[in-house]
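Undergrad: So here's target.cif (mmCIF, C-alpha atoms and all ligand atoms; chains and numbers go by the auth columns).
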```
data_data
#
loop_
_atom_site.group_PDB
_atom_site.id
_atom_site.type_symbol
_atom_site.label_atom_id
_atom_site.label_comp_id
_atom_site.label_asym_id
_atom_site.label_seq_id
_atom_site.Cartn_x
_atom_site.Cartn_y
_atom_site.Cartn_z
_atom_site.B_iso_or_equiv
_atom_site.auth_seq_id
_atom_site.auth_asym_id
ATOM 1 C CA MET A 1 0.000 0.000 0.000 0.00 1 A
ATOM 2 C CA SER A 2 1.291 3.437 -0.943 0.00 2 A
ATOM 3 C CA ASP A 3 2.120 5.755 1.923 0.00 3 A
ATOM 4 C CA LYS A 4 1.547 8.687 -0.382 0.00 4 A
ATOM 5 C CA VAL A 5 -1.904 10.135 0.206 0.00 5 A
ATOM 6 C CA ILE A 6 -1.597 12.973 -2.312 0.00 6 A
ATOM 7 C CA GLU A 7 0.783 13.227 -5.276 0.00 7 A
ATOM 8 C CA VAL A 8 0.782 16.335 -7.412 0.00 8 A
ATOM 9 C CA LYS A 9 3.097 16.434 -10.414 0.00 9 A
ATOM 10 C CA GLY A 10 3.578 19.246 -12.935 0.00 10 A
ATOM 11 C CA LEU A 11 0.166 20.704 -12.131 0.00 11 A
ATOM 12 C CA ARG A 12 -1.049 23.649 -14.213 0.00 12 A
ATOM 13 C CA PHE A 13 -4.310 25.496 -13.810 0.00 13 A
ATOM 14 C CA ARG A 14 -5.772 28.814 -14.982 0.00 14 A
ATOM 15 C CA TYR A 15 -9.316 30.165 -14.721 0.00 15 A
ATOM 16 C CA ARG A 16 -8.570 32.427 -17.693 0.00 16 A
ATOM 17 C CA VAL A 17 -6.058 31.485 -20.370 0.00 17 A
ATOM 18 C CA GLU A 18 -4.199 34.770 -20.114 0.00 18 A
ATOM 19 C CA GLU A 19 -3.875 34.662 -16.309 0.00 19 A
ATOM 20 C CA PRO A 20 -1.356 32.152 -14.948 0.00 20 A
ATOM 21 C CA LEU A 21 -2.311 30.852 -11.510 0.00 21 A
ATOM 22 C CA ILE A 22 -0.822 27.427 -10.807 0.00 22 A
ATOM 23 C CA GLU A 23 2.171 26.600 -13.012 0.00 23 A
ATOM 24 C CA ASP A 24 4.178 23.406 -12.807 0.00 24 A
ATOM 25 C CA LEU A 25 3.432 22.608 -9.154 0.00 25 A
ATOM 26 C CA SER A 26 4.703 19.349 -7.663 0.00 26 A
ATOM 27 C CA PHE A 27 4.538 18.023 -4.107 0.00 27 A
ATOM 28 C CA GLU A 28 3.553 14.969 -2.088 0.00 28 A
ATOM 29 C CA VAL A 29 1.677 14.450 1.157 0.00 29 A
ATOM 30 C CA PHE A 30 2.423 11.295 3.141 0.00 30 A
ATOM 31 C CA ARG A 31 0.170 9.238 5.362 0.00 31 A
ATOM 32 C CA GLY A 32 -0.110 10.644 8.897 0.00 32 A
ATOM 33 C CA GLU A 33 1.168 14.084 7.961 0.00 33 A
ATOM 34 C CA PHE A 34 -0.270 17.366 9.194 0.00 34 A
ATOM 35 C CA PHE A 35 0.397 19.287 6.007 0.00 35 A
ATOM 36 C CA GLY A 36 0.023 23.070 6.072 0.00 36 A
ATOM 37 C CA ILE A 37 -0.475 25.354 3.075 0.00 37 A
ATOM 38 C CA LEU A 38 0.514 29.010 3.474 0.00 38 A
ATOM 39 C CA GLY A 39 0.438 31.853 0.987 0.00 39 A
ATOM 40 C CA PRO A 40 -0.893 35.332 0.272 0.00 40 A
ATOM 41 C CA ASN A 41 -4.506 36.112 -0.712 0.00 41 A
ATOM 42 C CA GLY A 42 -5.258 35.042 -4.241 0.00 42 A
ATOM 43 C CA ALA A 43 -2.251 32.711 -4.445 0.00 43 A
ATOM 44 C CA GLY A 44 -4.482 29.808 -5.449 0.00 44 A
ATOM 45 C CA LYS A 45 -4.671 27.859 -2.177 0.00 45 A
ATOM 46 C CA SER A 46 -8.427 27.231 -2.296 0.00 46 A
ATOM 47 C CA THR A 47 -8.126 26.497 -6.007 0.00 47 A
ATOM 48 C CA LEU A 48 -5.445 23.904 -5.296 0.00 48 A
ATOM 49 C CA LEU A 49 -7.731 22.185 -2.782 0.00 49 A
ATOM 50 C CA ARG A 50 -10.570 22.188 -5.325 0.00 50 A
ATOM 51 C CA LEU A 51 -8.256 20.580 -7.887 0.00 51 A
ATOM 52 C CA ILE A 52 -7.206 17.907 -5.390 0.00 52 A
ATOM 53 C CA LEU A 53 -10.865 17.220 -4.591 0.00 53 A
ATOM 54 C CA GLY A 54 -11.734 16.868 -8.275 0.00 54 A
ATOM 55 C CA PHE A 55 -14.076 19.908 -8.417 0.00 55 A
ATOM 56 C CA LEU A 56 -11.793 21.531 -10.991 0.00 56 A
ATOM 57 C CA LYS A 57 -9.851 19.937 -13.831 0.00 57 A
ATOM 58 C CA PRO A 58 -6.139 20.735 -14.305 0.00 58 A
ATOM 59 C CA LEU A 59 -4.929 22.083 -17.637 0.00 59 A
ATOM 60 C CA SER A 60 -2.111 19.604 -17.395 0.00 60 A
ATOM 61 C CA GLY A 61 -0.210 17.576 -14.851 0.00 61 A
ATOM 62 C CA GLU A 62 -1.104 14.697 -12.630 0.00 62 A
ATOM 63 C CA ILE A 63 -2.947 14.290 -9.332 0.00 63 A
ATOM 64 C CA LYS A 64 -3.014 10.985 -7.477 0.00 64 A
ATOM 65 C CA LEU A 65 -5.044 10.204 -4.356 0.00 65 A
ATOM 66 C CA PHE A 66 -4.089 7.180 -2.264 0.00 66 A
ATOM 67 C CA GLY A 67 -1.879 6.044 -5.157 0.00 67 A
ATOM 68 C CA GLU A 68 -4.692 6.198 -7.732 0.00 68 A
ATOM 69 C CA SER A 69 -4.961 8.720 -10.557 0.00 69 A
ATOM 70 C CA ILE A 70 -7.751 11.180 -9.736 0.00 70 A
ATOM 71 C CA ASP A 71 -9.554 10.231 -12.979 0.00 71 A
ATOM 72 C CA ARG A 72 -9.918 6.672 -11.737 0.00 72 A
ATOM 73 C CA PHE A 73 -10.346 7.470 -8.035 0.00 73 A
ATOM 74 C CA PHE A 74 -13.779 6.721 -6.624 0.00 74 A
ATOM 75 C CA GLN A 75 -13.323 6.324 -2.853 0.00 75 A
ATOM 76 C CA TRP A 76 -14.394 9.883 -2.100 0.00 76 A
ATOM 77 C CA GLY A 77 -15.697 8.807 1.318 0.00 77 A
ATOM 78 C CA ARG A 78 -12.055 8.530 2.383 0.00 78 A
ATOM 79 C CA ILE A 79 -11.730 12.300 2.048 0.00 79 A
ATOM 80 C CA GLY A 80 -13.464 14.870 4.271 0.00 80 A
ATOM 81 C CA TYR A 81 -13.560 18.489 3.113 0.00 81 A
ATOM 82 C CA VAL A 82 -14.180 21.563 5.243 0.00 82 A
ATOM 83 C CA PRO A 83 -14.697 24.483 2.817 0.00 83 A
ATOM 84 C CA GLN A 84 -13.926 28.131 3.557 0.00 84 A
ATOM 85 C CA ARG A 85 -16.875 29.064 5.777 0.00 85 A
ATOM 86 C CA PHE A 86 -17.679 32.317 3.983 0.00 86 A
ATOM 87 C CA SER A 87 -18.396 30.360 0.821 0.00 87 A
ATOM 88 C CA VAL A 88 -21.101 28.199 2.450 0.00 88 A
ATOM 89 C CA GLU A 89 -22.457 30.432 5.227 0.00 89 A
ATOM 90 C CA ARG A 90 -25.935 30.490 3.717 0.00 90 A
ATOM 91 C CA ALA A 91 -25.782 27.211 1.859 0.00 91 A
ATOM 92 C CA PHE A 92 -27.650 24.902 4.229 0.00 92 A
ATOM 93 C CA THR A 93 -31.276 24.979 5.272 0.00 93 A
ATOM 94 C CA GLY A 94 -32.483 23.038 8.275 0.00 94 A
ATOM 95 C CA ASN A 95 -31.182 22.704 11.788 0.00 95 A
ATOM 96 C CA VAL A 96 -27.901 21.121 12.781 0.00 96 A
ATOM 97 C CA GLY A 97 -29.419 17.834 13.954 0.00 97 A
ATOM 98 C CA GLU A 98 -31.234 17.387 10.645 0.00 98 A
ATOM 99 C CA LEU A 99 -28.144 18.286 8.643 0.00 99 A
ATOM 100 C CA LEU A 100 -25.990 15.749 10.429 0.00 100 A
ATOM 101 C CA LYS A 101 -28.602 13.015 10.152 0.00 101 A
ATOM 102 C CA ALA A 102 -28.857 13.677 6.420 0.00 102 A
ATOM 103 C CA VAL A 103 -25.143 13.191 5.782 0.00 103 A
ATOM 104 C CA ALA A 104 -23.946 10.807 8.510 0.00 104 A
ATOM 105 C CA PRO A 105 -24.631 7.136 9.086 0.00 105 A
ATOM 106 C CA LYS A 106 -26.824 6.812 12.188 0.00 106 A
ATOM 107 C CA GLU A 107 -24.206 5.058 14.306 0.00 107 A
ATOM 108 C CA ARG A 108 -21.723 7.852 13.672 0.00 108 A
ATOM 109 C CA VAL A 109 -23.905 10.877 14.453 0.00 109 A
ATOM 110 C CA GLY A 110 -23.765 10.325 18.233 0.00 110 A
ATOM 111 C CA TRP A 111 -19.981 10.069 18.266 0.00 111 A
ATOM 112 C CA ILE A 112 -19.545 13.226 16.217 0.00 112 A
ATOM 113 C CA ILE A 113 -21.954 15.230 18.399 0.00 113 A
ATOM 114 C CA ALA A 114 -20.094 14.185 21.547 0.00 114 A
ATOM 115 C CA PHE A 115 -16.615 14.640 20.032 0.00 115 A
ATOM 116 C CA LEU A 116 -17.284 18.219 18.939 0.00 116 A
ATOM 117 C CA HIS A 117 -19.668 19.139 21.811 0.00 117 A
ATOM 118 C CA LEU A 118 -22.539 19.963 19.483 0.00 118 A
ATOM 119 C CA GLU A 119 -25.350 18.988 21.889 0.00 119 A
ATOM 120 C CA ASN A 120 -26.648 22.551 22.353 0.00 120 A
ATOM 121 C CA LEU A 121 -26.667 23.329 18.645 0.00 121 A
ATOM 122 C CA LEU A 122 -28.769 20.454 17.342 0.00 122 A
ATOM 123 C CA LYS A 123 -32.078 22.335 17.286 0.00 123 A
ATOM 124 C CA LYS A 124 -30.646 25.554 15.838 0.00 124 A
ATOM 125 C CA PRO A 125 -30.784 26.414 12.111 0.00 125 A
ATOM 126 C CA PHE A 126 -27.324 26.378 10.502 0.00 126 A
ATOM 127 C CA VAL A 127 -27.751 29.888 9.051 0.00 127 A
ATOM 128 C CA LYS A 128 -28.349 31.355 12.521 0.00 128 A
ATOM 129 C CA LEU A 129 -25.216 29.950 14.125 0.00 129 A
ATOM 130 C CA SER A 130 -22.184 32.059 14.989 0.00 130 A
ATOM 131 C CA GLY A 131 -19.041 31.705 12.886 0.00 131 A
ATOM 132 C CA GLY A 132 -17.351 29.378 15.345 0.00 132 A
ATOM 133 C CA GLU A 133 -20.458 27.246 15.679 0.00 133 A
ATOM 134 C CA GLN A 134 -20.784 26.961 11.913 0.00 134 A
ATOM 135 C CA GLN A 135 -17.133 25.973 11.696 0.00 135 A
ATOM 136 C CA LYS A 136 -17.686 23.126 14.134 0.00 136 A
ATOM 137 C CA VAL A 137 -20.708 21.893 12.173 0.00 137 A
ATOM 138 C CA LEU A 138 -18.757 21.972 8.887 0.00 138 A
ATOM 139 C CA LEU A 139 -16.041 19.922 10.531 0.00 139 A
ATOM 140 C CA ALA A 140 -18.680 17.522 11.858 0.00 140 A
ATOM 141 C CA MET A 141 -20.110 17.089 8.360 0.00 141 A
ATOM 142 C CA ALA A 142 -16.644 16.375 6.970 0.00 142 A
ATOM 143 C CA LEU A 143 -16.119 13.672 9.589 0.00 143 A
ATOM 144 C CA THR A 144 -19.279 11.748 8.808 0.00 144 A
ATOM 145 C CA THR A 145 -17.562 9.141 6.636 0.00 145 A
ATOM 146 C CA ASN A 146 -14.647 8.764 9.082 0.00 146 A
ATOM 147 C CA PRO A 147 -12.222 9.964 6.386 0.00 147 A
ATOM 148 C CA ASP A 148 -8.543 8.955 6.176 0.00 148 A
ATOM 149 C CA LEU A 149 -7.741 12.384 4.741 0.00 149 A
ATOM 150 C CA LEU A 150 -9.179 15.618 6.076 0.00 150 A
ATOM 151 C CA VAL A 151 -8.830 18.745 3.914 0.00 151 A
ATOM 152 C CA LEU A 152 -9.597 22.095 5.547 0.00 152 A
ATOM 153 C CA ASP A 153 -9.728 25.580 4.039 0.00 153 A
ATOM 154 C CA GLU A 154 -9.171 28.324 6.633 0.00 154 A
ATOM 155 C CA PRO A 155 -10.770 26.614 9.631 0.00 155 A
ATOM 156 C CA MET A 156 -9.660 29.370 12.063 0.00 156 A
ATOM 157 C CA THR A 157 -10.978 32.449 10.279 0.00 157 A
ATOM 158 C CA GLY A 158 -13.251 34.602 12.416 0.00 158 A
ATOM 159 C CA LEU A 159 -13.039 32.379 15.480 0.00 159 A
ATOM 160 C CA ASP A 160 -12.529 33.727 18.986 0.00 160 A
ATOM 161 C CA ILE A 161 -9.685 32.414 21.085 0.00 161 A
ATOM 162 C CA HIS A 162 -11.781 29.680 22.757 0.00 162 A
ATOM 163 C CA ALA A 163 -13.180 28.395 19.487 0.00 163 A
ATOM 164 C CA GLN A 164 -9.680 28.451 17.961 0.00 164 A
ATOM 165 C CA GLU A 165 -8.287 26.446 20.832 0.00 165 A
ATOM 166 C CA HIS A 166 -11.122 23.948 20.573 0.00 166 A
ATOM 167 C CA ILE A 167 -10.708 23.451 16.823 0.00 167 A
ATOM 168 C CA GLN A 168 -6.917 23.216 17.213 0.00 168 A
ATOM 169 C CA GLN A 169 -7.249 20.519 19.848 0.00 169 A
ATOM 170 C CA VAL A 170 -9.784 18.638 17.755 0.00 170 A
ATOM 171 C CA LEU A 171 -7.522 18.740 14.695 0.00 171 A
ATOM 172 C CA LYS A 172 -4.573 17.611 16.771 0.00 172 A
ATOM 173 C CA ASP A 173 -6.557 14.639 18.079 0.00 173 A
ATOM 174 C CA LEU A 174 -7.821 13.801 14.593 0.00 174 A
ATOM 175 C CA SER A 175 -4.341 13.978 13.087 0.00 175 A
ATOM 176 C CA LYS A 176 -3.117 11.192 15.368 0.00 176 A
ATOM 177 C CA ASP A 177 -4.557 8.555 13.087 0.00 177 A
ATOM 178 C CA ARG A 178 -5.261 10.320 9.807 0.00 178 A
ATOM 179 C CA THR A 179 -3.770 12.752 7.325 0.00 179 A
ATOM 180 C CA VAL A 180 -4.677 16.422 7.638 0.00 180 A
ATOM 181 C CA VAL A 181 -4.160 19.079 4.958 0.00 181 A
ATOM 182 C CA VAL A 182 -4.952 22.590 6.092 0.00 182 A
ATOM 183 C CA VAL A 183 -4.871 25.982 4.397 0.00 183 A
ATOM 184 C CA SER A 184 -4.592 28.748 6.967 0.00 184 A
ATOM 185 C CA HIS A 185 -3.545 32.362 7.359 0.00 185 A
ATOM 186 C CA ASP A 186 -2.815 31.612 11.001 0.00 186 A
ATOM 187 C CA VAL A 187 0.935 31.162 10.670 0.00 187 A
ATOM 188 C CA GLY A 188 1.365 30.383 14.379 0.00 188 A
ATOM 189 C CA PHE A 189 -1.175 27.581 14.193 0.00 189 A
ATOM 190 C CA VAL A 190 0.459 26.089 11.098 0.00 190 A
ATOM 191 C CA LEU A 191 3.965 26.299 12.549 0.00 191 A
ATOM 192 C CA LYS A 192 2.875 24.699 15.796 0.00 192 A
ATOM 193 C CA ASN A 193 1.129 21.743 14.218 0.00 193 A
ATOM 194 C CA ALA A 194 2.411 21.066 10.714 0.00 194 A
ATOM 195 C CA THR A 195 4.942 18.380 9.857 0.00 195 A
ATOM 196 C CA ARG A 196 5.652 20.185 6.567 0.00 196 A
ATOM 197 C CA ILE A 197 4.364 23.320 4.887 0.00 197 A
ATOM 198 C CA LEU A 198 3.695 24.113 1.239 0.00 198 A
ATOM 199 C CA CYS A 199 4.475 27.780 0.660 0.00 199 A
ATOM 200 C CA LEU A 200 2.354 28.742 -2.324 0.00 200 A
ATOM 201 C CA GLY A 201 2.886 32.061 -4.023 0.00 201 A
ATOM 202 C CA MET A 202 3.500 31.328 -7.683 0.00 202 A
ATOM 203 C CA PRO A 203 6.049 31.451 -9.204 0.00 203 A
ATOM 204 C CA TYR A 204 7.521 31.039 -5.733 0.00 204 A
ATOM 205 C CA CYS A 205 6.698 27.669 -4.312 0.00 205 A
ATOM 206 C CA LYS A 206 8.475 25.485 -1.801 0.00 206 A
ATOM 207 C CA VAL A 207 7.788 22.727 0.720 0.00 207 A
ATOM 208 C CA VAL A 208 9.568 23.389 4.020 0.00 208 A
ATOM 209 C CA GLU A 209 9.652 22.107 7.570 0.00 209 A
ATOM 210 C CA PRO A 210 8.334 24.471 10.268 0.00 210 A
ATOM 211 C CA GLY A 211 11.876 25.174 11.504 0.00 211 A
ATOM 212 C CA ASP A 212 12.847 26.533 8.091 0.00 212 A
ATOM 213 C CA ILE A 213 9.921 28.891 7.616 0.00 213 A
ATOM 214 C CA ARG A 214 11.732 32.079 8.627 0.00 214 A
ATOM 215 C CA GLY A 215 13.866 32.068 5.527 0.00 215 A
ATOM 216 C CA VAL A 216 10.914 31.781 3.161 0.00 216 A
ATOM 217 C CA MET A 217 8.335 34.186 4.661 0.00 217 A
ATOM 218 C CA LYS A 218 10.027 37.172 3.047 0.00 218 A
ATOM 219 C CA ASP A 219 9.954 35.607 -0.413 0.00 219 A
ATOM 220 C CA LEU A 220 6.425 34.292 0.040 0.00 220 A
ATOM 221 C CA PHE A 221 4.740 37.446 1.311 0.00 221 A
ATOM 222 C CA GLY A 222 7.230 40.010 0.052 0.00 222 A
ATOM 223 C CA LEU A 223 7.954 41.060 3.654 0.00 223 A
ATOM 224 C CA HIS A 224 10.922 43.226 4.504 0.00 224 A
HETATM 225 N N1 LIG B . -14.357 30.609 -9.978 0.00 301 A
HETATM 226 C C1 LIG B . -13.393 31.479 -10.322 0.00 301 A
HETATM 227 N N2 LIG B . -13.359 32.041 -11.553 0.00 301 A
HETATM 228 C C2 LIG B . -12.385 32.902 -11.921 0.00 301 A
HETATM 229 N N3 LIG B . -11.381 33.269 -11.110 0.00 301 A
HETATM 230 C C3 LIG B . -11.348 32.741 -9.864 0.00 301 A
HETATM 231 C C4 LIG B . -12.349 31.818 -9.411 0.00 301 A
HETATM 232 N N4 LIG B . -12.063 31.464 -8.141 0.00 301 A
HETATM 233 C C5 LIG B . -10.944 32.135 -7.821 0.00 301 A
HETATM 234 N N5 LIG B . -10.505 32.889 -8.853 0.00 301 A
HETATM 235 C C6 LIG B . -9.282 33.709 -8.863 0.00 301 A
HETATM 236 O O1 LIG B . -8.164 32.867 -8.742 0.00 301 A
HETATM 237 C C7 LIG B . -7.214 33.417 -7.850 0.00 301 A
HETATM 238 C C8 LIG B . -6.919 32.447 -6.711 0.00 301 A
HETATM 239 O O2 LIG B . -8.068 32.305 -5.911 0.00 301 A
HETATM 240 P P1 LIG B . -8.092 31.361 -4.635 0.00 301 A
HETATM 241 O O3 LIG B . -9.450 31.482 -4.033 0.00 301 A
HETATM 242 O O4 LIG B . -7.633 30.005 -5.006 0.00 301 A
HETATM 243 O O5 LIG B . -6.980 32.056 -3.718 0.00 301 A
HETATM 244 P P2 LIG B . -6.581 31.783 -2.199 0.00 301 A
HETATM 245 O O6 LIG B . -5.106 31.562 -2.165 0.00 301 A
HETATM 246 O O7 LIG B . -7.439 30.725 -1.623 0.00 301 A
HETATM 247 O O8 LIG B . -6.892 33.203 -1.527 0.00 301 A
HETATM 248 P P3 LIG B . -7.435 33.560 -0.038 0.00 301 A
HETATM 249 O O9 LIG B . -6.230 33.528 0.851 0.00 301 A
HETATM 250 O O10 LIG B . -7.945 34.967 -0.204 0.00 301 A
HETATM 251 O O11 LIG B . -8.507 32.578 0.326 0.00 301 A
HETATM 252 C C9 LIG B . -7.772 34.768 -7.403 0.00 301 A
HETATM 253 O O12 LIG B . -7.186 35.766 -8.186 0.00 301 A
HETATM 254 C C10 LIG B . -9.256 34.657 -7.687 0.00 301 A
HETATM 255 O O13 LIG B . -9.804 35.895 -8.012 0.00 301 A
HETATM 256 MG MG MG B . -8.857 30.680 -0.148 0.00 302 A
#
```
Let me see the file written as structure tokens.
Ligand SMILES: Nc1ncnc2c1ncn2[C@@H]1O[C@H](COP(=O)(O)OP(=O)(O)OP(=O)(O)O)[C@@H](O)[C@H]1O
Ligand SMILES: [Mg+2]
TA:
Amino acid sequence: MSDKVIEVKGLRFRYRVEEPLIEDLSFEVFRGEFFGILGPNGAGKSTLLRLILGFLKPLSGEIKLFGESIDRFFQWGRIGYVPQRFSVERAFTGNVGELLKAVAPKERVGWIIAFLHLENLLKKPFVKLSGGEQQKVLLAMALTTNPDLLVLDEPMTGLDIHAQEHIQQVLKDLSKDRTVVVVSHDVGFVLKNATRILCLGMPYCKVVEPGDIRGVMKDLFGLH
């Protein structure tokens, strides 16, 4: 069995032909990693996740999931996705209990509710929850299939310190026995938890270990 969960080779993607976005990107994510993705606004981080999840098609290059080419991959239940909250804030009708029951197998709903402390939210409509509460519910929905790979886009945005600590602890626990890929602007959070970090700011692009991040922040964000 391959210990490579994600393989990206020579990936190219543009929304508009005349606007380069992702050009010749290659990296790998191994089983059990907590893989961070850092980069400035508009660098293509969310786009990269959407390519890896098969929502978008690359112009060229190769993506493999669990050793299988994405074109032939069908075990999507092995992957849980937590989208950027602002993109789905108003996307779900119904209350939290109903939402979870709709997406999760019955025997799993109870575990998820207890794990994320969602008991008090079950009767509330998703659209009326606070940002942190919505974030927890999105994470809960991504966990319904007990995925081997969890992909998160900005899970900390807009959360207060308590909610951040809760989500951080939850992700840490989850990463003990699965692979986590997380895009975040919270550099401290990424540095504290990630095994390796993809610095994405085309044409600048590099995979580094947390200890080596200092040297690349300037190039990545143009800091002085
Ligand atoms: N559906 C789309 N159609 C056309 N252009 C898009 C689309 N989605 C994103 N873009 C553009 O592609 C670029 C990368 O967007 P993306 O959302 O991947 O960036 P990001 O790194 O996730 O940024 P942020 O840190 O702000 O979330 C941006 O310039 C954006 O305007
Ligand atoms: Mg984004």
Undergrad: Can you tell me how far atom CA of A:Val190 sits from atom CA of A:Gly54, in Å to one decimal?
TA: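 For atom CA of A:Val190 relative to atom CA of A:Gly54, the distance reads 24.7 Å.
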Undergrad: With distances taken over all atoms listed in the file, which residue among A:Ile197, A:Leu220, A:Val5, A:Leu49 lies nearest ligand MG 302 (chain A)?
TA: A:Leu49
Undergrad: Restricting the calculation to all atoms listed in the file, which member of A:Gly188, A:Pro155, A:Pro83, A:Pro125 is positioned closest to A:Leu99?
TA: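 Nearest candidate to A:Leu99 out of A:Gly188, A:Pro155, A:Pro83, A:Pro125: A:Pro125.
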Undergrad: Return the single residue from A:Glu19, A:Glu98, A:Glu209, A:Glu62 that is closest to ligand LIG 301 (chain A), with distances computed using all atoms listed in the file.
TA: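 When distances to ligand LIG 301 (chain A) are compared using all atoms listed in the file, the smallest one comes from A:Glu19.
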Undergrad: Find, counting all atoms listed in the file, the residue in A:Arg12, A:Arg90, A:Lys101, A:Lys106 that gets nearest to A:Leu122.
TA: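 Of the candidates, the smallest distance to A:Leu122 is held by A:Lys101.
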Undergrad: Which of these, A:Arg72, A:Lys123, A:Arg78, A:Arg85, has the shortest distance to ligand LIG 301 (chain A) once you count only C-alpha atoms and all ligand atoms?
TA: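 Answer, going by the shortest atom-to-atom distance: A:Arg85.
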Undergrad: Quick one: of A:Val216, A:Ile63, A:Ala102, A:Leu38, who's nearest to ligand MG 302 (chain A), counting only C-alpha atoms and all ligand atoms?
TA: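 Smallest distance to ligand MG 302 (chain A) is found for A:Leu38.
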Undergrad: Written as a VMD selection string, which residues does the PyMOL selection byres (((chain A and resi 178-183) around 9) and not hetatm) give for the file shown?
TA: chain A and resid 5 29 to 39 45 to 46 49 147 to 155 171 174 to 177 184 to 186 190 194
Undergrad: Around all the atoms of stretch 89-97 of chain A listed in the file, with 6 Å of room on each side, what axis-aligned box do you get, giving centre and edge lengths in Å to one decimal, as JSON?
TA:
```
{"center_x": -27.5, "center_y": 24.2, "center_z": 7.9, "size_x": 22.0, "size_y": 24.7, "size_z": 24.1}
```
Undergrad: Would you mind reading off the distance between atom CA of A:Val17 and atom O7 of ligand LIG 301 (chain A), one decimal, in Å?
TA: 18.8 Å
Undergrad: With ligand LIG 301 (chain A) as the partner and 6 Å as the cut-off, tabulate the residues of chain A that qualify, each row holding the nearest pair of atoms and their distance in Å to one decimal, using only C-alpha atoms and all ligand atoms, sorted by chain and rising number, as a Markdown table.
TA:
```
| residue | atom | partner | partner_atom | distance |
| --- | --- | --- | --- | --- |
| A:Tyr15 | CA | A:LIG301 | C2 | 5.0 |
| A:Pro40 | CA | A:LIG301 | O9 | 5.7 |
| A:Asn41 | CA | A:LIG301 | O9 | 3.5 |
| A:Gly42 | CA | A:LIG301 | O5 | 3.5 |
| A:Ala43 | CA | A:LIG301 | O6 | 3.8 |
| A:Gly44 | CA | A:LIG301 | O4 | 3.2 |
| A:Lys45 | CA | A:LIG301 | O6 | 3.7 |
| A:Ser46 | CA | A:LIG301 | O7 | 3.7 |
| A:Thr47 | CA | A:LIG301 | O4 | 3.7 |
```
